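Next comes final-v1.cif, a file with mmCIF, C-alpha atoms; chains and numbers go by the auth columns.
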```
data_upload
#
loop_
_atom_site.group_PDB
_atom_site.id
_atom_site.type_symbol
_atom_site.label_atom_id
_atom_site.label_comp_id
_atom_site.label_asym_id
_atom_site.label_seq_id
_atom_site.Cartn_x
_atom_site.Cartn_y
_atom_site.Cartn_z
_atom_site.B_iso_or_equiv
_atom_site.auth_seq_id
_atom_site.auth_asym_id
ATOM 1 C CA MET A 1 125.305 -21.792 42.622 0.00 541 A
ATOM 2 C CA SER A 2 123.233 -25.004 42.685 0.00 542 A
ATOM 3 C CA GLN A 3 124.730 -28.159 44.116 0.00 543 A
ATOM 4 C CA VAL A 4 126.284 -30.550 41.620 0.00 544 A
ATOM 5 C CA ARG A 5 124.267 -33.760 41.397 0.00 545 A
ATOM 6 C CA SER A 6 126.083 -37.016 41.927 0.00 546 A
ATOM 7 C CA ASP A 7 124.981 -40.160 40.166 0.00 547 A
ATOM 8 C CA LYS A 8 123.682 -43.126 42.109 0.00 548 A
ATOM 9 C CA PRO A 9 122.935 -46.661 40.979 0.00 549 A
ATOM 10 C CA PHE A 10 119.466 -47.642 39.798 0.00 550 A
ATOM 11 C CA THR A 11 118.469 -50.244 42.359 0.00 551 A
ATOM 12 C CA LEU A 12 115.253 -52.220 42.769 0.00 552 A
ATOM 13 C CA ALA A 13 114.616 -54.844 45.441 0.00 553 A
ATOM 14 C CA GLY A 14 118.317 -54.947 46.297 0.00 554 A
ATOM 15 C CA ARG A 15 119.509 -55.475 42.732 0.00 555 A
ATOM 16 C CA THR A 16 121.388 -52.852 40.725 0.00 556 A
ATOM 17 C CA TYR A 17 120.768 -52.318 37.010 0.00 557 A
ATOM 18 C CA GLN A 18 122.869 -50.559 34.403 0.00 558 A
ATOM 19 C CA SER A 19 119.999 -49.702 32.067 0.00 559 A
ATOM 20 C CA ARG A 20 117.331 -47.241 33.170 0.00 560 A
ATOM 21 C CA LEU A 21 115.014 -48.276 30.347 0.00 561 A
ATOM 22 C CA LEU A 22 112.325 -50.865 31.099 0.00 562 A
ATOM 23 C CA VAL A 23 110.361 -52.262 28.175 0.00 563 A
ATOM 24 C CA GLY A 24 107.153 -54.166 27.589 0.00 564 A
ATOM 25 C CA THR A 25 106.558 -57.181 25.397 0.00 565 A
ATOM 26 C CA GLY A 26 103.108 -56.543 23.899 0.00 566 A
ATOM 27 C CA LYS A 27 101.962 -55.260 20.490 0.00 567 A
ATOM 28 C CA TYR A 28 104.875 -56.555 18.396 0.00 568 A
ATOM 29 C CA LYS A 29 104.097 -58.413 15.178 0.00 569 A
ATOM 30 C CA ASP A 30 105.749 -61.611 16.405 0.00 570 A
ATOM 31 C CA LEU A 31 108.125 -63.020 18.990 0.00 571 A
ATOM 32 C CA GLU A 32 111.167 -62.475 16.765 0.00 572 A
ATOM 33 C CA GLU A 33 110.495 -58.747 16.514 0.00 573 A
ATOM 34 C CA THR A 34 109.963 -58.717 20.269 0.00 574 A
ATOM 35 C CA ARG A 35 113.358 -60.319 20.795 0.00 575 A
ATOM 36 C CA LEU A 36 115.187 -57.983 18.427 0.00 576 A
ATOM 37 C CA ALA A 37 113.621 -54.829 19.834 0.00 577 A
ATOM 38 C CA ILE A 38 114.362 -55.769 23.428 0.00 578 A
ATOM 39 C CA GLU A 39 117.959 -56.581 22.561 0.00 579 A
ATOM 40 C CA ALA A 40 118.340 -53.234 20.767 0.00 580 A
ATOM 41 C CA SER A 41 116.882 -51.360 23.752 0.00 581 A
ATOM 42 C CA GLY A 42 119.571 -52.603 26.103 0.00 582 A
ATOM 43 C CA ALA A 43 116.880 -53.091 28.746 0.00 583 A
ATOM 44 C CA GLU A 44 117.536 -55.489 31.598 0.00 584 A
ATOM 45 C CA ILE A 45 114.010 -55.439 33.033 0.00 585 A
ATOM 46 C CA VAL A 46 111.207 -56.655 30.789 0.00 586 A
ATOM 47 C CA THR A 47 107.573 -56.450 31.809 0.00 587 A
ATOM 48 C CA VAL A 48 105.048 -59.121 30.863 0.00 588 A
ATOM 49 C CA ALA A 49 101.242 -58.971 31.009 0.00 589 A
ATOM 50 C CA VAL A 50 100.428 -62.246 32.760 0.00 590 A
ATOM 51 C CA ARG A 51 96.772 -62.209 31.681 0.00 591 A
ATOM 52 C CA ARG A 52 97.627 -61.725 28.003 0.00 592 A
ATOM 53 C CA THR A 53 100.918 -63.545 27.511 0.00 593 A
ATOM 54 C CA ASN A 54 101.941 -67.173 27.826 0.00 594 A
ATOM 55 C CA ILE A 55 104.817 -67.585 30.266 0.00 595 A
ATOM 56 C CA GLY A 56 104.083 -71.236 30.939 0.00 596 A
ATOM 57 C CA GLN A 57 100.426 -71.272 31.935 0.00 597 A
ATOM 58 C CA ASN A 58 99.423 -72.537 28.454 0.00 598 A
ATOM 59 C CA PRO A 59 101.554 -75.648 27.692 0.00 599 A
ATOM 60 C CA GLY A 60 102.045 -76.328 24.006 0.00 600 A
ATOM 61 C CA GLU A 61 101.719 -72.661 22.971 0.00 601 A
ATOM 62 C CA PRO A 62 104.638 -70.340 22.108 0.00 602 A
ATOM 63 C CA ASN A 63 106.233 -69.204 25.357 0.00 603 A
ATOM 64 C CA LEU A 64 107.498 -65.629 25.640 0.00 604 A
ATOM 65 C CA LEU A 65 110.237 -66.792 27.996 0.00 605 A
ATOM 66 C CA ASP A 66 111.846 -68.615 25.071 0.00 606 A
ATOM 67 C CA VAL A 67 112.859 -65.244 23.582 0.00 607 A
ATOM 68 C CA ILE A 68 113.356 -63.301 26.836 0.00 608 A
ATOM 69 C CA PRO A 69 114.956 -65.940 29.066 0.00 609 A
ATOM 70 C CA PRO A 70 114.866 -65.226 32.818 0.00 610 A
ATOM 71 C CA ASP A 71 118.572 -65.998 33.121 0.00 611 A
ATOM 72 C CA ARG A 72 119.279 -62.978 30.910 0.00 612 A
ATOM 73 C CA TYR A 73 116.486 -60.560 31.855 0.00 613 A
ATOM 74 C CA THR A 74 114.639 -59.646 35.027 0.00 614 A
ATOM 75 C CA ILE A 75 111.051 -60.573 34.251 0.00 615 A
ATOM 76 C CA LEU A 76 108.560 -58.081 35.645 0.00 616 A
ATOM 77 C CA PRO A 77 105.069 -59.628 35.648 0.00 617 A
ATOM 78 C CA ASN A 78 102.335 -57.019 35.468 0.00 618 A
ATOM 79 C CA THR A 79 98.615 -57.022 36.123 0.00 619 A
ATOM 80 C CA ALA A 80 97.522 -55.271 32.912 0.00 620 A
ATOM 81 C CA GLY A 81 93.873 -55.982 32.218 0.00 621 A
ATOM 82 C CA CYS A 82 92.875 -56.084 35.896 0.00 622 A
ATOM 83 C CA TYR A 83 90.062 -53.802 37.041 0.00 623 A
ATOM 84 C CA ASP A 84 89.852 -54.539 40.758 0.00 624 A
ATOM 85 C CA ALA A 85 92.201 -55.321 43.613 0.00 625 A
ATOM 86 C CA ALA A 86 91.217 -58.978 44.018 0.00 626 A
ATOM 87 C CA GLU A 87 91.889 -59.719 40.346 0.00 627 A
ATOM 88 C CA ALA A 88 95.276 -58.016 40.497 0.00 628 A
ATOM 89 C CA VAL A 89 96.302 -59.903 43.620 0.00 629 A
ATOM 90 C CA ARG A 90 95.323 -63.250 42.027 0.00 630 A
ATOM 91 C CA THR A 91 97.348 -62.397 38.920 0.00 631 A
ATOM 92 C CA CYS A 92 100.474 -61.600 40.951 0.00 632 A
ATOM 93 C CA ARG A 93 100.153 -64.847 42.883 0.00 633 A
ATOM 94 C CA LEU A 94 99.814 -66.778 39.608 0.00 634 A
ATOM 95 C CA ALA A 95 102.966 -65.102 38.294 0.00 635 A
ATOM 96 C CA ARG A 96 104.818 -66.048 41.469 0.00 636 A
ATOM 97 C CA GLU A 97 103.877 -69.697 40.931 0.00 637 A
ATOM 98 C CA LEU A 98 104.813 -69.674 37.245 0.00 638 A
ATOM 99 C CA LEU A 99 108.168 -67.991 37.907 0.00 639 A
ATOM 100 C CA ASP A 100 109.303 -70.136 40.835 0.00 640 A
ATOM 101 C CA GLY A 101 108.635 -67.759 43.696 0.00 641 A
ATOM 102 C CA HIS A 102 109.454 -64.524 41.832 0.00 642 A
ATOM 103 C CA LYS A 103 108.492 -61.562 44.053 0.00 643 A
ATOM 104 C CA LEU A 104 109.045 -58.498 41.854 0.00 644 A
ATOM 105 C CA VAL A 105 105.773 -57.387 40.232 0.00 645 A
ATOM 106 C CA LYS A 106 104.258 -54.361 38.551 0.00 646 A
ATOM 107 C CA LEU A 107 100.837 -53.581 39.978 0.00 647 A
ATOM 108 C CA GLU A 108 98.388 -52.015 37.553 0.00 648 A
ATOM 109 C CA VAL A 109 94.664 -51.703 38.373 0.00 649 A
ATOM 110 C CA LEU A 110 92.699 -49.906 35.691 0.00 650 A
ATOM 111 C CA ALA A 111 89.536 -47.851 36.043 0.00 651 A
ATOM 112 C CA ASP A 112 87.983 -48.361 32.595 0.00 652 A
ATOM 113 C CA GLN A 113 88.795 -49.591 29.104 0.00 653 A
ATOM 114 C CA LYS A 114 88.421 -46.204 27.428 0.00 654 A
ATOM 115 C CA THR A 115 91.121 -44.313 29.335 0.00 655 A
ATOM 116 C CA LEU A 116 93.084 -47.142 31.007 0.00 656 A
ATOM 117 C CA PHE A 117 93.529 -44.624 33.821 0.00 657 A
ATOM 118 C CA PRO A 118 94.558 -46.173 37.144 0.00 658 A
ATOM 119 C CA ASN A 119 91.867 -46.859 39.713 0.00 659 A
ATOM 120 C CA VAL A 120 93.780 -45.482 42.662 0.00 660 A
ATOM 121 C CA ILE A 121 91.355 -46.797 45.298 0.00 661 A
ATOM 122 C CA GLU A 122 91.676 -50.380 44.080 0.00 662 A
ATOM 123 C CA THR A 123 95.402 -49.869 43.514 0.00 663 A
ATOM 124 C CA LEU A 124 95.888 -48.879 47.166 0.00 664 A
ATOM 125 C CA LYS A 125 93.909 -51.943 48.302 0.00 665 A
ATOM 126 C CA ALA A 126 95.916 -54.311 46.124 0.00 666 A
ATOM 127 C CA ALA A 127 99.241 -52.748 47.080 0.00 667 A
ATOM 128 C CA ASP A 128 98.495 -53.216 50.763 0.00 668 A
ATOM 129 C CA VAL A 129 97.678 -56.909 50.292 0.00 669 A
ATOM 130 C CA LEU A 130 100.652 -57.633 48.028 0.00 670 A
ATOM 131 C CA VAL A 131 103.221 -55.898 50.235 0.00 671 A
ATOM 132 C CA LYS A 132 101.970 -57.842 53.255 0.00 672 A
ATOM 133 C CA ASP A 133 102.167 -61.016 51.163 0.00 673 A
ATOM 134 C CA GLY A 134 105.875 -60.469 50.577 0.00 674 A
ATOM 135 C CA PHE A 135 105.857 -59.049 47.058 0.00 675 A
ATOM 136 C CA ASP A 136 108.220 -56.305 45.877 0.00 676 A
ATOM 137 C CA VAL A 137 105.646 -54.007 44.332 0.00 677 A
ATOM 138 C CA MET A 138 106.300 -51.458 41.609 0.00 678 A
ATOM 139 C CA VAL A 139 103.048 -49.597 41.091 0.00 679 A
ATOM 140 C CA TYR A 140 101.449 -47.789 38.142 0.00 680 A
ATOM 141 C CA THR A 141 99.554 -44.784 39.409 0.00 681 A
ATOM 142 C CA SER A 142 98.166 -41.372 38.544 0.00 682 A
ATOM 143 C CA ASP A 143 100.306 -38.246 38.732 0.00 683 A
ATOM 144 C CA ASP A 144 98.684 -37.316 42.056 0.00 684 A
ATOM 145 C CA PRO A 145 101.523 -36.606 44.524 0.00 685 A
ATOM 146 C CA ILE A 146 99.367 -37.604 47.513 0.00 686 A
ATOM 147 C CA ILE A 147 98.561 -41.046 46.093 0.00 687 A
ATOM 148 C CA ALA A 148 102.219 -41.546 45.162 0.00 688 A
ATOM 149 C CA ARG A 149 103.211 -40.728 48.738 0.00 689 A
ATOM 150 C CA GLN A 150 100.627 -43.127 50.180 0.00 690 A
ATOM 151 C CA LEU A 151 101.778 -45.972 47.944 0.00 691 A
ATOM 152 C CA ALA A 152 105.359 -45.468 49.091 0.00 692 A
ATOM 153 C CA GLU A 153 104.192 -45.397 52.715 0.00 693 A
ATOM 154 C CA LEU A 154 102.413 -48.730 52.167 0.00 694 A
ATOM 155 C CA GLY A 155 105.763 -50.259 51.239 0.00 695 A
ATOM 156 C CA CYS A 156 105.830 -50.207 47.437 0.00 696 A
ATOM 157 C CA ILE A 157 109.447 -50.247 46.238 0.00 697 A
ATOM 158 C CA ALA A 158 108.806 -47.864 43.310 0.00 698 A
ATOM 159 C CA VAL A 159 106.018 -45.579 42.153 0.00 699 A
ATOM 160 C CA MET A 160 105.300 -45.261 38.435 0.00 700 A
ATOM 161 C CA PRO A 161 103.149 -42.237 37.617 0.00 701 A
ATOM 162 C CA LEU A 162 101.798 -41.958 34.106 0.00 702 A
ATOM 163 C CA ALA A 163 103.169 -39.294 31.788 0.00 703 A
ATOM 164 C CA GLY A 164 100.082 -39.593 29.587 0.00 704 A
ATOM 165 C CA LEU A 165 97.383 -42.188 29.040 0.00 705 A
ATOM 166 C CA ILE A 166 98.590 -45.669 28.083 0.00 706 A
ATOM 167 C CA GLY A 167 99.287 -46.010 24.377 0.00 707 A
ATOM 168 C CA THR A 168 98.621 -42.368 23.485 0.00 708 A
ATOM 169 C CA GLY A 169 102.195 -41.223 22.875 0.00 709 A
ATOM 170 C CA LEU A 170 101.288 -37.758 24.155 0.00 710 A
ATOM 171 C CA GLY A 171 104.451 -37.412 26.202 0.00 711 A
ATOM 172 C CA ILE A 172 104.603 -35.833 29.665 0.00 712 A
ATOM 173 C CA CYS A 173 101.271 -34.037 29.962 0.00 713 A
ATOM 174 C CA ASN A 174 101.785 -32.660 33.465 0.00 714 A
ATOM 175 C CA PRO A 175 105.472 -32.160 34.304 0.00 715 A
ATOM 176 C CA TYR A 176 104.578 -30.015 37.322 0.00 716 A
ATOM 177 C CA ASN A 177 102.827 -32.804 39.232 0.00 717 A
ATOM 178 C CA LEU A 178 105.672 -35.107 38.295 0.00 718 A
ATOM 179 C CA GLN A 179 108.175 -32.635 39.742 0.00 719 A
ATOM 180 C CA ILE A 180 106.287 -32.595 43.051 0.00 720 A
ATOM 181 C CA ILE A 181 106.296 -36.398 43.165 0.00 721 A
ATOM 182 C CA LEU A 182 110.039 -36.404 42.498 0.00 722 A
ATOM 183 C CA GLU A 183 110.739 -33.796 45.189 0.00 723 A
ATOM 184 C CA GLU A 184 108.865 -35.814 47.821 0.00 724 A
ATOM 185 C CA ALA A 185 109.996 -39.264 46.687 0.00 725 A
ATOM 186 C CA THR A 186 111.342 -41.754 49.216 0.00 726 A
ATOM 187 C CA VAL A 187 111.431 -44.581 46.634 0.00 727 A
ATOM 188 C CA PRO A 188 112.439 -44.621 42.954 0.00 728 A
ATOM 189 C CA VAL A 189 110.070 -42.805 40.597 0.00 729 A
ATOM 190 C CA LEU A 190 109.682 -44.188 37.077 0.00 730 A
ATOM 191 C CA VAL A 191 107.577 -42.675 34.321 0.00 731 A
ATOM 192 C CA ASP A 192 105.145 -45.270 33.019 0.00 732 A
ATOM 193 C CA ALA A 193 102.809 -44.731 30.034 0.00 733 A
ATOM 194 C CA GLY A 194 102.451 -41.905 27.549 0.00 734 A
ATOM 195 C CA VAL A 195 105.954 -41.818 26.058 0.00 735 A
ATOM 196 C CA GLY A 196 105.758 -41.478 22.269 0.00 736 A
ATOM 197 C CA THR A 197 109.272 -40.767 21.069 0.00 737 A
ATOM 198 C CA ALA A 198 112.852 -40.404 22.245 0.00 738 A
ATOM 199 C CA SER A 199 112.543 -36.786 23.341 0.00 739 A
ATOM 200 C CA ASP A 200 109.716 -37.724 25.749 0.00 740 A
ATOM 201 C CA ALA A 201 111.982 -40.247 27.435 0.00 741 A
ATOM 202 C CA THR A 202 114.798 -37.707 27.633 0.00 742 A
ATOM 203 C CA ILE A 203 112.542 -35.124 29.277 0.00 743 A
ATOM 204 C CA ALA A 204 111.429 -37.655 31.885 0.00 744 A
ATOM 205 C CA MET A 205 115.031 -38.379 32.742 0.00 745 A
ATOM 206 C CA GLU A 206 115.990 -34.681 32.768 0.00 746 A
ATOM 207 C CA LEU A 207 113.265 -34.093 35.366 0.00 747 A
ATOM 208 C CA GLY A 208 115.026 -36.582 37.630 0.00 748 A
ATOM 209 C CA CYS A 209 113.149 -39.844 37.137 0.00 749 A
ATOM 210 C CA GLU A 210 115.122 -42.957 38.004 0.00 750 A
ATOM 211 C CA ALA A 211 113.968 -44.761 34.866 0.00 751 A
ATOM 212 C CA VAL A 212 111.260 -44.980 32.203 0.00 752 A
ATOM 213 C CA LEU A 213 109.020 -47.899 31.260 0.00 753 A
ATOM 214 C CA MET A 214 107.515 -48.052 27.786 0.00 754 A
ATOM 215 C CA ASN A 215 105.947 -50.440 25.302 0.00 755 A
ATOM 216 C CA SER A 216 103.782 -48.769 22.638 0.00 756 A
ATOM 217 C CA ALA A 217 106.380 -46.122 21.755 0.00 757 A
ATOM 218 C CA ILE A 218 108.682 -48.889 20.561 0.00 758 A
ATOM 219 C CA ALA A 219 106.235 -51.545 19.365 0.00 759 A
ATOM 220 C CA HIS A 220 104.086 -49.098 17.356 0.00 760 A
ATOM 221 C CA ALA A 221 107.011 -47.309 15.713 0.00 761 A
ATOM 222 C CA GLN A 222 107.415 -47.865 11.981 0.00 762 A
ATOM 223 C CA ASN A 223 110.771 -49.463 12.774 0.00 763 A
ATOM 224 C CA PRO A 224 110.501 -50.859 16.318 0.00 764 A
ATOM 225 C CA VAL A 225 114.077 -52.122 16.497 0.00 765 A
ATOM 226 C CA LEU A 226 115.519 -48.758 15.478 0.00 766 A
ATOM 227 C CA MET A 227 113.201 -46.932 17.884 0.00 767 A
ATOM 228 C CA ALA A 228 114.297 -49.255 20.679 0.00 768 A
ATOM 229 C CA GLU A 229 117.901 -48.242 20.079 0.00 769 A
ATOM 230 C CA ALA A 230 116.890 -44.575 19.952 0.00 770 A
ATOM 231 C CA MET A 231 115.194 -44.942 23.330 0.00 771 A
ATOM 232 C CA LYS A 232 118.340 -46.492 24.788 0.00 772 A
ATOM 233 C CA HIS A 233 120.347 -43.407 23.827 0.00 773 A
ATOM 234 C CA ALA A 234 117.559 -41.019 24.896 0.00 774 A
ATOM 235 C CA ILE A 235 117.537 -42.437 28.416 0.00 775 A
ATOM 236 C CA VAL A 236 121.324 -42.107 28.712 0.00 776 A
ATOM 237 C CA ALA A 237 121.297 -38.543 27.345 0.00 777 A
ATOM 238 C CA GLY A 238 118.489 -37.499 29.684 0.00 778 A
ATOM 239 C CA ARG A 239 120.230 -38.910 32.729 0.00 779 A
ATOM 240 C CA MET A 240 123.509 -37.189 31.822 0.00 780 A
ATOM 241 C CA ALA A 241 121.728 -33.868 31.273 0.00 781 A
ATOM 242 C CA TYR A 242 119.991 -34.213 34.647 0.00 782 A
ATOM 243 C CA LEU A 243 123.303 -34.829 36.387 0.00 783 A
ATOM 244 C CA ALA A 244 125.008 -32.003 34.480 0.00 784 A
ATOM 245 C CA GLY A 245 122.345 -29.453 35.400 0.00 785 A
ATOM 246 C CA ARG A 246 120.915 -27.300 32.641 0.00 786 A
ATOM 247 C CA MET A 247 121.663 -23.614 32.229 0.00 787 A
ATOM 248 C CA PRO A 248 119.059 -21.247 33.677 0.00 788 A
ATOM 249 C CA LYS A 249 116.383 -19.951 31.316 0.00 789 A
ATOM 250 C CA LYS A 250 116.579 -16.213 30.605 0.00 790 A
ATOM 251 C CA LEU A 251 114.178 -13.800 29.015 0.00 791 A
ATOM 252 C CA TYR A 252 116.843 -11.882 27.085 0.00 792 A
ATOM 253 C CA ALA A 253 119.896 -12.803 25.079 0.00 793 A
ATOM 254 C CA SER A 254 123.281 -13.378 26.649 0.00 794 A
ATOM 255 C CA ALA A 255 126.408 -13.323 24.473 0.00 795 A
ATOM 256 C CA SER A 256 128.252 -16.617 24.241 0.00 796 A
ATOM 257 C CA SER A 257 131.618 -14.872 24.037 0.00 797 A
ATOM 258 C CA PRO A 258 132.862 -12.377 26.672 0.00 798 A
ATOM 259 C CA LEU A 259 132.532 -8.700 25.811 0.00 799 A
ATOM 260 C CA GLU A 260 135.681 -7.677 27.706 0.00 800 A
ATOM 261 C CA GLY A 261 138.838 -7.197 25.678 0.00 801 A
ATOM 262 C CA MET A 262 137.069 -6.775 22.341 0.00 802 A
ATOM 263 C CA ILE A 263 139.061 -5.111 19.558 0.00 803 A
ATOM 264 C CA ARG A 264 137.553 -1.726 18.826 0.00 804 A
#
```

Starting from the file, lay out its structure as structure tokens.
Amino acid sequence: MSQVRSDKPFTLAGRTYQSRLLVGTGKYKDLEETRLAIEASGAEIVTVAVRRTNIGQNPGEPNLLDVIPPDRYTILPNTAGCYDAAEAVRTCRLARELLDGHKLVKLEVLADQKTLFPNVIETLKAADVLVKDGFDVMVYTSDDPIIARQLAELGCIAVMPLAGLIGTGLGICNPYNLQIILEEATVPVLVDAGVGTASDATIAMELGCEAVLMNSAIAHAQNPVLMAEAMKHAIVAGRMAYLAGRMPKKLYASASSPLEGMIR
């Protein structure tokens, strides 16, 4: 009989969170929809693309922090739109200045605009620099178990392998690689990118991921606020199912009721 799994808190950089759903802030029709969707998601960590969003670097323009205040949410600056290590490092340092010494960042170095696949060579370079510079680095990466291991060894506090390409909604395209990453993990593993609907998020959690980060799946839904709430429940259900341990799969039927003592 397999060992019963015990729950453990979701902790990043010494802080514990109740929600295992992390959400992005891009692609909504306006800031009000952004606010409502994030509230409905129950997320406590909200990621922000520093190169595409005003969080104070453009005085006089609408500021995202007015609808996701840092005293209520953990702001997770990300380096979306960066295509080399140097650019990503500069973006993280800018975020640290804008957010009064904030150290928690999401590193994302892309290879090209068509696939938005991570450039793992530049990602490794940037991670090394940022960790040495005192940042708490959560890192978007491929589903290559070796790269995930190397990023953890460099000192990243969480690895975030893609489930599918960013914005595709294809779900978890390679659960087998993800399982290897989870088996070897020494830091939290979060699925990042590719989630399209609630069942995708549930599957990620059932596999044993600590959390899931998503943006497009909520923002591009026909009703983003309702989808955000659906994702909140999907994450909880997936975590509970993981802890409960699913029944084994069988090739043939097995009666739900016992056969002994049947009236004949």

Answer key for the PyMOL selection byres ((chain A and resi 582) around 9), residues as a ChimeraX atom specification: /A:559,561-562,577-581,583-584,768-769,772

Under the rule of at most 9 Å, produce a per-residue listing of region 667-695 of chain A near region 720-728 of chain A: chain, number, name, the closest pair of atoms, and the distance in Å, as a Markdown table, using all atoms listed in the file.
```
| residue | atom | partner | partner_atom | distance |
| --- | --- | --- | --- | --- |
| A:Asp683 | CA | A:Ile721 | CA | 7.7 |
| A:Asp684 | CA | A:Ile721 | CA | 7.7 |
| A:Pro685 | CA | A:Ile721 | CA | 5.0 |
| A:Ile686 | CA | A:Ile721 | CA | 8.3 |
| A:Ala688 | CA | A:Ile721 | CA | 6.9 |
| A:Arg689 | CA | A:Ala725 | CA | 7.2 |
| A:Ala692 | CA | A:Val727 | CA | 6.6 |
| A:Glu693 | CA | A:Thr726 | CA | 8.8 |
```

Selection export as a CSV table (one decimal), in the frame of the given file, atoms kept: C-alpha atoms:
```
chain,number,residue,atom,x,y,z
A,683,ASP,CA,100.3,-38.2,38.7
A,684,ASP,CA,98.7,-37.3,42.1
A,685,PRO,CA,101.5,-36.6,44.5
A,686,ILE,CA,99.4,-37.6,47.5
A,688,ALA,CA,102.2,-41.5,45.2
A,689,ARG,CA,103.2,-40.7,48.7
A,692,ALA,CA,105.4,-45.5,49.1
A,693,GLU,CA,104.2,-45.4,52.7
```

List the residues matched by the PyMOL selection byres ((chain A and resi 569) around 12) in the displayed structure as a PyMOL selection string, ordered by chain and then by residue number. chain A and resi 565-568+570-577+758-765

Within 6 Å of Leu650 (chain A) using only C-alpha atoms, minus same-chain residues under 5 positions, as a PyMOL selection string: chain A and resi 623+656-659

Enumerate, as an mmCIF file with C-alpha atoms, keeping the file's coordinate frame, the residues matched when the PyMOL selection byres ((chain A and resi 553) around 9) is run on the file above.
```
data_model
loop_
_atom_site.group_PDB
_atom_site.id
_atom_site.type_symbol
_atom_site.label_atom_id
_atom_site.label_comp_id
_atom_site.auth_asym_id
_atom_site.auth_seq_id
_atom_site.Cartn_x
_atom_site.Cartn_y
_atom_site.Cartn_z
ATOM 1 C CA THR A 551 118.469 -50.244 42.359
ATOM 2 C CA LEU A 552 115.253 -52.220 42.769
ATOM 3 C CA GLY A 554 118.317 -54.947 46.297
ATOM 4 C CA ARG A 555 119.509 -55.475 42.732
ATOM 5 C CA THR A 556 121.388 -52.852 40.725
ATOM 6 C CA LEU A 644 109.045 -58.498 41.854
ATOM 7 C CA ASP A 676 108.220 -56.305 45.877
ATOM 8 C CA ILE A 697 109.447 -50.247 46.238
#
```

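With distances restricted to all atoms listed in the file, A:Tyr680 is the closest residue to Leu730 (chain A) from A:Leu694, A:Arg786, A:Tyr680, A:His773.
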
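As for CA of His642 (chain A) and CA of Asn618 (chain A), they are spaced 12.1 Å apart.
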